[in-house]
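Visitor: For reference, this is start-v9.tsv, and it has TSV, C-alpha atoms.
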```
chain	number	residue	atom	x	y	z
A	106	MET	CA	125.93	93.35	98.96
A	107	LYS	CA	126.19	95.58	102.04
A	108	LYS	CA	124.87	94.92	105.55
A	109	ILE	CA	124.65	97.26	108.56
A	110	ILE	CA	124.96	95.77	112.06
A	111	PRO	CA	123.91	98.07	114.94
A	112	PHE	CA	125.89	97.92	118.20
A	113	LYS	CA	125.10	99.63	121.50
A	114	LYS	CA	127.10	99.79	124.72
A	115	ASP	CA	126.74	101.71	128.01
A	116	ILE	CA	130.13	102.63	129.55
A	117	PRO	CA	130.05	103.42	133.30
A	118	PHE	CA	132.43	106.13	134.53
A	119	SER	CA	134.01	106.04	138.00
A	120	THR	CA	133.41	109.79	138.40
A	121	ASN	CA	130.69	112.25	137.53
A	122	ILE	CA	130.31	113.25	133.87
A	123	SER	CA	129.37	116.86	133.44
A	124	GLU	CA	130.40	117.28	129.82
A	125	ILE	CA	132.16	115.26	127.11
A	126	THR	CA	134.67	117.72	125.73
A	127	SER	CA	136.13	115.38	123.08
A	128	ILE	CA	135.56	111.86	121.80
A	129	SER	CA	137.07	109.64	119.13
A	130	LEU	CA	136.34	106.13	117.87
A	131	GLU	CA	138.76	103.68	116.32
A	132	HIS	CA	138.54	99.95	115.67
A	133	ASN	CA	140.68	96.94	114.79
A	134	LEU	CA	137.88	94.68	113.51
A	135	GLN	CA	138.97	91.81	111.26
A	136	VAL	CA	137.37	88.87	109.47
A	137	GLU	CA	138.34	85.59	111.07
A	138	ASN	CA	136.94	82.41	109.48
A	139	ASP	CA	133.13	82.85	109.67
A	140	SER	CA	133.15	85.74	112.15
A	141	ILE	CA	134.10	89.39	112.52
A	142	GLU	CA	135.91	90.22	115.76
A	143	GLY	CA	138.02	92.90	117.31
A	144	ASN	CA	137.71	95.97	119.57
A	145	PHE	CA	136.23	99.45	119.45
A	146	ILE	CA	138.60	101.98	121.00
A	147	ILE	CA	136.79	105.00	122.46
A	148	CYS	CA	138.83	107.77	124.01
A	149	GLY	CA	138.66	111.50	124.74
A	150	THR	CA	138.30	114.04	127.54
A	151	TYR	CA	135.50	115.16	129.87
A	152	LYS	CA	134.67	117.53	132.70
A	153	VAL	CA	133.70	116.27	136.11
A	154	THR	CA	131.72	119.45	136.98
A	155	ASP	CA	130.47	122.44	135.06
A	156	SER	CA	132.88	124.71	136.91
A	157	SER	CA	135.93	122.53	136.28
A	158	THR	CA	138.78	124.27	134.49
A	159	THR	CA	140.54	121.02	133.81
A	160	THR	CA	139.47	117.89	131.97
A	161	GLU	CA	139.92	114.22	132.64
A	162	ASN	CA	141.01	111.62	130.10
A	163	TYR	CA	139.15	108.39	129.37
A	164	ASN	CA	140.06	105.40	127.20
A	165	TYR	CA	137.93	102.26	126.79
A	166	GLU	CA	138.26	99.15	124.64
A	167	ILE	CA	134.96	97.47	123.84
A	168	PRO	CA	135.16	93.94	122.40
A	169	PHE	CA	133.04	93.14	119.36
A	170	ASN	CA	132.38	89.67	117.96
A	171	ILE	CA	129.73	88.52	115.53
A	172	ASN	CA	129.36	85.14	113.83
A	173	LEU	CA	128.17	85.13	110.24
A	174	ASP	CA	126.14	82.45	108.55
A	175	ASP	CA	128.24	79.94	106.61
A	176	ARG	CA	126.25	80.72	103.46
A	177	TYR	CA	128.25	83.94	103.07
A	178	VAL	CA	131.57	84.29	101.26
A	179	LEU	CA	133.92	86.52	103.26
A	180	ASP	CA	136.98	86.57	100.99
A	181	LYS	CA	136.43	90.16	99.80
A	182	VAL	CA	134.55	91.56	102.80
A	183	THR	CA	135.48	95.01	104.13
A	184	VAL	CA	134.53	96.18	107.64
A	185	ASP	CA	134.15	99.83	108.65
A	186	ILE	CA	132.14	102.23	110.82
A	187	ASP	CA	129.04	103.52	109.07
A	188	ASN	CA	127.70	105.75	111.86
A	189	PHE	CA	128.55	106.71	115.46
A	190	TYR	CA	126.73	108.77	118.07
A	191	TYR	CA	126.70	108.95	121.89
A	192	GLU	CA	124.71	110.21	124.87
A	193	VAL	CA	125.48	110.93	128.56
A	194	ILE	CA	122.92	109.31	130.86
A	195	ASN	CA	122.44	110.47	134.48
A	196	ASN	CA	125.96	111.99	134.57
A	197	SER	CA	127.38	108.50	135.07
A	198	LEU	CA	127.00	106.50	131.85
A	199	LEU	CA	128.36	107.13	128.38
A	200	SER	CA	125.98	105.36	125.98
A	201	VAL	CA	127.53	104.76	122.55
A	202	ASN	CA	125.76	103.60	119.39
A	203	ILE	CA	127.90	102.22	116.57
A	204	ASP	CA	126.68	101.03	113.16
A	205	VAL	CA	129.14	98.54	111.69
A	206	SER	CA	129.21	98.34	107.88
A	207	ILE	CA	130.01	94.98	106.27
A	208	ASP	CA	130.47	95.46	102.53
A	209	LYS	CA	131.15	93.19	99.52
A	210	ILE	CA	129.52	90.19	101.15
A	211	GLU	CA	128.21	87.46	98.85
A	212	GLU	CA	126.10	84.35	99.32
A	213	LYS	CA	127.76	81.00	98.71
A	214	LYS	CA	124.59	79.57	97.19
A	215	ILE	CA	125.05	81.45	93.93
A	216	ILE	CA	128.67	80.41	93.60
A	217	GLU	CA	127.91	76.79	94.51
A	218	GLU	CA	125.21	76.61	91.83
A	219	LEU	CA	127.65	78.01	89.30
A	220	ASP	CA	130.26	75.47	90.36
A	221	ILE	CA	127.76	72.64	90.00
A	222	ASN	CA	126.73	73.78	86.53
A	223	LEU	CA	130.37	74.16	85.50
A	224	SER	CA	131.15	70.70	86.85
A	225	VAL	CA	128.26	69.17	84.93
A	226	ASN	CA	129.28	70.93	81.73
A	227	ASP	CA	132.91	69.90	82.20
A	228	LYS	CA	131.80	66.31	82.73
A	229	SER	CA	129.62	66.37	79.61
A	230	ASP	CA	132.45	67.84	77.54
A	231	LYS	CA	134.84	65.24	78.90
A	232	GLU	CA	132.48	62.36	78.07
A	233	GLU	CA	131.98	63.74	74.58
A	234	ILE	CA	135.74	63.97	74.04
A	235	GLU	CA	136.21	60.42	75.31
A	236	ILE	CA	133.55	59.11	72.90
A	237	LEU	CA	135.15	60.94	69.98
A	238	ASN	CA	138.55	59.54	70.89
A	239	VAL	CA	137.45	55.89	71.14
A	240	ASP	CA	139.99	53.45	69.74
A	241	TYR	CA	137.95	51.05	67.61
A	242	SER	CA	140.87	48.63	67.42
A	243	ASP	CA	140.14	47.55	70.96
A	244	PRO	CA	137.29	44.98	71.00
A	245	PHE	CA	136.29	45.92	74.51
A	246	LYS	CA	135.89	49.58	73.56
A	247	GLU	CA	133.90	48.56	70.50
A	248	ASN	CA	131.48	46.80	72.82
A	249	VAL	CA	131.23	49.95	74.93
A	250	VAL	CA	130.47	52.04	71.84
A	251	SER	CA	127.91	49.49	70.69
A	252	LYS	CA	126.24	49.64	74.07
A	253	ASN	CA	126.11	53.44	73.94
A	254	SER	CA	124.70	53.27	70.42
A	255	TYR	CA	122.14	50.73	71.59
A	256	GLU	CA	121.09	53.02	74.42
A	257	LEU	CA	120.82	55.94	72.00
A	258	ASN	CA	118.75	53.81	69.62
A	259	ARG	CA	116.53	52.77	72.49
A	260	GLU	CA	115.99	56.42	73.39
A	261	GLY	CA	115.29	57.17	69.72
A	262	GLU	CA	112.78	54.33	69.55
A	263	LYS	CA	111.07	55.65	72.67
A	264	SER	CA	110.88	59.12	71.11
A	265	MET	CA	109.47	57.68	67.86
A	266	ASP	CA	106.92	55.64	69.86
A	267	ILE	CA	105.80	58.80	71.63
A	268	ILE	CA	105.51	60.68	68.31
A	269	GLU	CA	103.59	57.83	66.65
A	270	GLU	CA	101.29	57.55	69.66
A	271	HIS	CA	100.66	61.30	69.47
A	272	GLU	CA	99.88	61.05	65.73
A	273	LEU	CA	97.44	58.18	66.35
A	274	GLU	CA	95.68	60.15	69.07
A	275	LYS	CA	95.49	63.13	66.71
A	276	LYS	CA	93.99	60.99	63.89
A	277	GLU	CA	91.46	59.43	66.27
A	278	SER	CA	90.48	62.90	67.46
A	279	GLU	CA	90.06	64.09	63.84
A	280	LYS	CA	87.90	61.01	63.07
A	281	LEU	CA	85.67	61.73	66.06
A	282	GLU	CA	85.35	65.39	65.03
A	283	LYS	CA	84.48	64.36	61.44
A	284	LYS	CA	81.94	61.84	62.76
A	285	ASP	CA	80.35	64.55	64.92
A	286	ILE	CA	80.18	66.87	61.88
A	287	ASP	CA	78.60	64.09	59.75
A	288	ASN	CA	76.07	63.41	62.49
A	289	ASP	CA	75.27	67.12	62.67
A	290	GLU	CA	74.79	67.20	58.86
A	291	VAL	CA	72.44	64.18	59.01
A	292	GLU	CA	70.44	65.73	61.83
A	293	LYS	CA	70.29	69.04	59.95
A	294	LYS	CA	69.12	67.28	56.77
A	295	GLU	CA	66.44	65.40	58.70
A	296	THR	CA	65.31	68.67	60.28
A	297	ASP	CA	65.21	70.41	56.88
A	298	ASP	CA	63.18	67.51	55.41
A	299	GLU	CA	60.77	67.68	58.30
A	300	GLU	CA	60.39	71.45	57.92
A	301	ARG	CA	59.89	71.04	54.18
A	302	MET	CA	57.15	68.47	54.82
A	303	ILE	CA	55.48	70.83	57.25
A	304	THR	CA	55.74	73.71	54.76
A	305	GLU	CA	54.29	71.61	51.94
A	306	ALA	CA	51.43	70.56	54.21
A	307	GLU	CA	50.75	74.18	55.13
A	308	VAL	CA	50.89	75.25	51.49
A	309	LYS	CA	48.41	72.51	50.59
A	310	SER	CA	46.05	73.76	53.29
A	311	LEU	CA	46.37	77.31	51.89
A	312	PHE	CA	45.16	76.25	48.43
A	313	GLU	CA	42.19	74.30	49.82
A	314	SER	CA	40.47	77.63	50.56
A	315	PHE	CA	39.93	78.54	46.92
A	316	ASP	CA	39.16	76.93	43.58
A	317	ASP	CA	41.82	77.57	40.93
A	318	SER	CA	39.99	75.91	38.07
A	319	ASP	CA	39.00	79.31	36.59
A	320	SER	CA	42.00	81.30	37.69
A	321	GLY	CA	44.10	80.83	34.57
A	322	TYR	CA	47.23	80.14	36.66
A	323	LEU	CA	48.69	76.67	36.74
A	324	THR	CA	51.46	77.19	39.33
A	325	TYR	CA	51.86	79.20	42.49
A	326	LYS	CA	54.65	80.23	44.81
A	327	VAL	CA	54.36	80.66	48.55
A	328	TYR	CA	56.47	83.45	50.02
A	329	ILE	CA	57.10	83.76	53.78
A	330	VAL	CA	57.30	87.38	54.91
A	331	ARG	CA	60.66	88.24	56.54
A	332	GLU	CA	61.91	91.16	58.57
A	333	GLY	CA	62.31	94.27	56.38
A	334	ASP	CA	59.89	93.07	53.67
A	335	THR	CA	57.23	95.40	52.28
A	336	LEU	CA	54.36	94.65	49.91
A	337	ASP	CA	55.97	96.78	47.21
A	338	ASN	CA	59.25	94.89	47.50
A	339	ILE	CA	57.46	91.54	47.12
A	340	ILE	CA	55.46	92.78	44.13
A	341	THR	CA	58.63	94.06	42.45
A	342	LYS	CA	60.59	90.91	43.23
A	343	TYR	CA	58.01	88.57	41.69
A	344	ASN	CA	56.86	90.94	38.92
A	345	THR	CA	53.22	90.82	39.94
A	346	SER	CA	50.56	93.33	41.08
A	347	THR	CA	48.47	94.14	44.10
A	348	GLU	CA	45.30	93.09	42.30
A	349	LYS	CA	46.67	89.63	41.53
A	350	LEU	CA	47.85	89.10	45.11
A	351	GLU	CA	44.50	90.23	46.53
A	352	GLN	CA	42.78	87.41	44.61
A	353	TYR	CA	44.59	84.86	46.83
A	354	ASN	CA	45.63	86.73	49.96
A	355	ASP	CA	44.27	89.03	52.63
A	356	LEU	CA	46.72	91.95	52.37
A	357	LYS	CA	45.15	94.14	55.05
A	358	ASP	CA	47.51	93.15	57.89
A	359	ILE	CA	50.72	91.47	56.74
A	360	LYS	CA	53.29	90.61	59.41
A	361	ILE	CA	56.55	88.67	59.66
A	362	GLY	CA	55.99	84.92	59.20
A	363	ASP	CA	52.79	85.28	57.12
A	364	LYS	CA	52.58	83.21	53.91
A	365	ILE	CA	51.67	84.96	50.66
A	366	ILE	CA	50.47	82.99	47.60
A	367	ILE	CA	51.99	84.36	44.42
A	368	PRO	CA	50.41	83.13	41.11
A	369	CYS	CA	52.83	82.41	38.27
```
Please express what this file holds, its structure, as structure tokens.
Guide:
Amino acid sequence: MKKIIPFKKDIPFSTNISEITSISLEHNLQVENDSIEGNFIICGTYKVTDSSTTTENYNYEIPFNINLDDRYVLDKVTVDIDNFYYEVINNSLLSVNIDVSIDKIEEKKIIEELDINLSVNDKSDKEEIEILNVDYSDPFKENVVSKNSYELNREGEKSMDIIEEHELEKKESEKLEKKDIDNDEVEKKETDDEERMITEAEVKSLFESFDDSDSGYLTYKVYIVREGDTLDNIITKYNTSTEKLEQYNDLKDIKIGDKIIIPC
């Protein structure tokens, strides 16, 4: 991970600055404990006036110190200058802007979590090895093993209790579902019986309108017209004729839900 830290400093000159003729930047920044500290060394030459034929030297050391959060690992950190630019202000100040690059920085949190996981795994492996290497000739160690076995059995019993409880809940749920289905079947049967009674009553009322003593037919069927039915389809289905149906029905205006008496 890389971080950029901006740094700005205004350097006052004791004389007038007409022009910066040369400038260089060096540093001796180092990582110390949880901080980065050191100096920026800025040096070069400049002209006091535009008409000057000679230049003056300048050399400044600017201290730099920054404390880093303790969550960072600084073992492999490298420090360098990422960017540098300057500006002369009012012919008296040299304003420098330095971007410090801190590279290969890591957070301790990740490493600490890894250490914790490794410690836990090492502990588990160690306990497992100790259990495998128990000396059964020692009565005290036998008691320890028996206790561990008892605890394991207790955990197993708890797991079995949970499984059995789950199975019982599942069976009770299935019984309730079956009971609901049986109730639905009973209600449906009662509804069908009621509808059949109504249909039989309606059919009886249909036959009260005519006398079948001279008709020559002993039985009749009642057909309820459904969507898509036509008179021809009904005649074909029951192997009858229009003339026979007209003796018992008014065929002028047949619609869905009408009841047609079919002599057999």
Visitor: Can you list, as number ranges by chain, every protein, DNA or RNA residue that comes within 7 Å of A:Ile366 when you count only C-alpha atoms, leaving out same-chain residues fewer than 4 positions away?
Guide: A: 325-328, 353-354
Visitor: Have a look at atom CA of A:Glu211 and atom CA of A:Lys107 and let me know their distance in Å, one decimal.
Guide: 9.0 Å
Visitor: Please tell me which residues are no farther than 12 Å from (53.3, 94.7, 45.7) in the file, counting all atoms listed in the file, and write them as a PDB file with C-alpha atoms, in the coordinates of the input.
Guide:
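As written to disk, out_20.pdb reads:
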```pdb
ATOM      1  CA  ASP A 334      59.890  93.070  53.670  1.00  0.00           C
ATOM      2  CA  THR A 335      57.230  95.400  52.280  1.00  0.00           C
ATOM      3  CA  LEU A 336      54.360  94.650  49.910  1.00  0.00           C
ATOM      4  CA  ASP A 337      55.970  96.780  47.210  1.00  0.00           C
ATOM      5  CA  ASN A 338      59.250  94.890  47.500  1.00  0.00           C
ATOM      6  CA  ILE A 339      57.460  91.540  47.120  1.00  0.00           C
ATOM      7  CA  ILE A 340      55.460  92.780  44.130  1.00  0.00           C
ATOM      8  CA  THR A 341      58.630  94.060  42.450  1.00  0.00           C
ATOM      9  CA  LYS A 342      60.590  90.910  43.230  1.00  0.00           C
ATOM     10  CA  TYR A 343      58.010  88.570  41.690  1.00  0.00           C
ATOM     11  CA  ASN A 344      56.860  90.940  38.920  1.00  0.00           C
ATOM     12  CA  THR A 345      53.220  90.820  39.940  1.00  0.00           C
ATOM     13  CA  SER A 346      50.560  93.330  41.080  1.00  0.00           C
ATOM     14  CA  THR A 347      48.470  94.140  44.100  1.00  0.00           C
ATOM     15  CA  GLU A 348      45.300  93.090  42.300  1.00  0.00           C
ATOM     16  CA  LYS A 349      46.670  89.630  41.530  1.00  0.00           C
ATOM     17  CA  LEU A 350      47.850  89.100  45.110  1.00  0.00           C
ATOM     18  CA  GLU A 351      44.500  90.230  46.530  1.00  0.00           C
ATOM     19  CA  ASN A 354      45.630  86.730  49.960  1.00  0.00           C
ATOM     20  CA  LEU A 356      46.720  91.950  52.370  1.00  0.00           C
ATOM     21  CA  ILE A 359      50.720  91.470  56.740  1.00  0.00           C
ATOM     22  CA  ILE A 365      51.670  84.960  50.660  1.00  0.00           C
ATOM     23  CA  ILE A 367      51.990  84.360  44.420  1.00  0.00           C
TER      24      ILE A 367
END
```
Visitor: Which is closest to A:Glu131 among A:Glu270, A:Asp174, A:Phe189, A:Tyr151, if we use all atoms listed in the file?
Guide: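 Of all the options, A:Phe189 lies closest to A:Glu131.
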Visitor: With all atoms listed in the file as the basis for distance, which of A:His271, A:Lys213, A:Lys152, A:Lys114 is at the shortest distance from A:Ile167?
Guide: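 Among A:His271, A:Lys213, A:Lys152, A:Lys114, it is A:Lys114 that comes nearest to A:Ile167.
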Visitor: Just to confirm, what's the straight-line distance from atom CA of A:Pro111 to atom CA of A:Cys148 in Å (one decimal)?
Guide: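 Interatomic distance, atom CA of A:Pro111 to atom CA of A:Cys148: 20.0 Å.
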Visitor: What does the structure give for the distance between atom CA of A:Asn196 and atom CA of A:Pro168, in Å to one decimal?
Guide: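 Atom CA of A:Asn196 sits 23.6 Å away from atom CA of A:Pro168.
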Visitor: So which residues fall inside 9 Å of (132.0, 105.2, 124.4) if we count only C-alpha atoms? Mind giving them as a ChimeraX atom specification?
Guide: /A:114-116,128-130,145-148,164-167,190-192,199-202
